[in-house]
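Asks: Provided herewith is a single structure, encoded as structure tokens, for subsequent inquiry.
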Number of protein chains: 2
Amino acid sequence: MLDMFVALLHYPVVNKKGDTIASAVTNLDLHDIARAAKTYGVASFYVVTPLYDQQKLVKELLSHWTTDAGEKTNKIRGEALSLVKPAETLDEVKADIKKQTGREPETVATSARRYEKSISFDALRQHLKEGAPYLLLFGTAWGFTEQFIFEADHVLHPVMADSNYNHLSVRSAVSIVLDRLKGDYRGSYADD
Amino acid sequence: MLDMFVALLHYPVVNKKGDTIASAVTNLDLHDIARAAKTYGVASFYVVTPLYDQQKLVKELLSHWTTDAGEKTNKIRGEALSLVKPAETLDEVKADIKKQTGREPETVATSARRYEKSISFDALRQHLKEGAPYLLLFGTAWGFTEQFIFEADHVLHPVMADSNYNHLSVRSAVSIVLDRLKGDYRGSYADD
């Protein structure tokens with residue numbers, strides 16, 4: 001399936017104080033999100049950073065795990081990380097998806113806040129079945145800049161629970177969002 | 001609410017070869033799972049290890065983040081980590097829950113495999129509303145020993161997706177399970 005793509009962006013995001021920054025790549029983000037992406041049938045997982053040294057770091061990690069040495073110690077990690085594609089900008093990601101699918105993807109920003117133009121999980125789950133490519137955008141650090149969110153085609157509803165605490169790690173947020181969009185309810189949700 | 005408790009066990013789990021081991025504590029497990037636990041209203045999050053030096057490590061991490069120095073740099077982490085309780089054994093965890101709630105908790109083991117006596121997410125979600133304490137058990141490394149799973153009161157259905165790849169990190173698995181059991185469907189799932 002070439003319907004769902006995920007990008008983890010390290011720019012443009014904000015820090016605690018609200019300043020726009022380029023955040024550092026975290027190894028475990030790549031591992032955890034690649035494994036979740038592989039589990040839920042994501043077509044490609046883009047790791048986006050404008051910083052050259054950070055791109056290099058991503059490529060080194062990939063080459064370790066997806067070539068002989070790493071594959072031998074842990075095939076499962078290599079399999080998941082083979083979904084990862086480093087990229088410099090969002091435009092580069094969109095172009096790559098267009099090359100794969102023949103279509104420009106609809107972008108879906110995620111945020112811990114709810115925006116007026118936000119789309120529900122149910123609605124997006126339905127859209128995904130129609131086969132058009134959707135690109136889910138996740139921000140590191142303290143999340144995307146407002147400007148970036150306004151420029152996306154859609155904003156996904158925030159993951160909500162019955163509490164006032166809403167500070168999931170990006171690794172948790174991606175996992176939950178993918179499960180809500182692609183989890184196998186038949187197989188494990190209900191008694192059958 | 002004192003209905004849902006989570007324990008992350010570092011023993012008895014298996015390694016890649018199937019040997020029973022005591023695994024090492026991972027800092028990021030504590031951070032990510034504490035944040036998810038806080039988000040989904042978990043009453044306490046127990047980090048269980050029989051190894052003295054590993055318990056010490058947990059206590060040091062907690063004392064850093066839940067006292068002055070850490071609280072000042074990141075209040076949100078401290079808030080989540082205040083749910084964490086180190087423990088040596090499962091029995092110690094059960095006793096602590098009994099002390100808090102007046103009742104022995106029902107234990108629910110989790111696994112990437114499906115067992116005959118397994119309980120569905122829907123069924124457990126309903127049970128949780130009845131208020132009896134449930135203790136969700138998550139295993140590190142390559143998961144619990146068979147023996148441990150057989151001794152639990154229940155085994156939760158595995159998290160399934162539409163793929164043959166089923167190797168989520170424990171951080172992702174906990175996040176998804178908590179969302180399936182306590183996610184706010186009203187608020188974010190459907191258009192309303």
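The way I read the labels, and the way they are meant: chains A, B, ... in the order of the structure tokens, residue 1 as the first residue of every chain, and ligand 1 as the first ligand shown, with later ones counted on from there.
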Considering only strand (DSSP E or B) as DSSP defines it on the backbone, what residues of range 140-176 of chain B qualify? List them as an MDAnalysis selection string.
Replies: chainID B and resid 144 154:156 161
Asks: Would you list which chain A residues are within 6 Å of chain B using only C-alpha atoms, as number ranges by chain?
Replies: A: 32, 35-36, 39-40, 120-122, 157, 160-161, 163, 165-166, 168-169, 172, 175-176, 183-184, 188-191
Asks: For each of A:Tyr52, A:Asp29, A:Tyr11, A:Ala132, take the minimum atom-to-atom distance to Thr101 in chain A, counting only C-alpha atoms, then give the residue where this is smallest.
Replies: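 Answer, going by the shortest atom-to-atom distance: A:Ala132.
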Asks: Between B:Ala43, B:Asn27, B:Leu90, B:Gln100, which has the minimum distance to Glu60 in chain B (counting only C-alpha atoms)?
Replies: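 Of B:Ala43, B:Asn27, B:Leu90, B:Gln100, the one nearest Glu60 in chain B, counting only C-alpha atoms, is B:Asn27.
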Asks: Restricting the calculation to only C-alpha atoms: of A:Thr107, A:Thr20, A:Thr26, A:Thr140, which residue gets closest to Gln55 in chain A?
Replies: A:Thr26
Asks: Find the residue from A:Pro133, A:Pro105, A:Gly143, A:Pro86 that sits nearest to Val47 in chain A; use only C-alpha atoms when measuring.
Replies: A:Pro86
Asks: I'd like the contact shell of Trp142 in chain A - 7 Å cut-off, only C-alpha atoms, skipping same-chain residues fewer than 6 positions apart - returned as number ranges by chain.
Replies: A: 13-16
Asks: Would you give me, as a PyMOL selection string, the residues in range 4-166 of chain B that DSSP reads as helix (DSSP H, G or I)?
Replies: chain B and resi 27-39+52-66+68-73+75-81+90-101+121-129+146-151
Asks: Fewer than 6 positions away in the same chain doesn't count, so skip those; otherwise give me all residues within 9 Å of Phe138 in chain A, counting only C-alpha atoms, as a list in words.
Replies: Val6, Ala7, Leu8, Leu9, His10, Val108, Ala109, Thr110, Ser111, Phe144, Val170, Ala173 and Val174 of chain A
Asks: Using only C-alpha atoms, pick whichever of A:Ala112, A:Leu83, A:Leu51, A:Val42 has the shortest atom-to-atom distance to Pro12 in chain A.
Replies: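 Distance minimum relative to Pro12 in chain A lands on A:Leu51.
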Asks: So what do you get for CA of Ile97 in chain A versus CA of Leu136 in chain A, distance-wise?
Replies: 12.1 Å
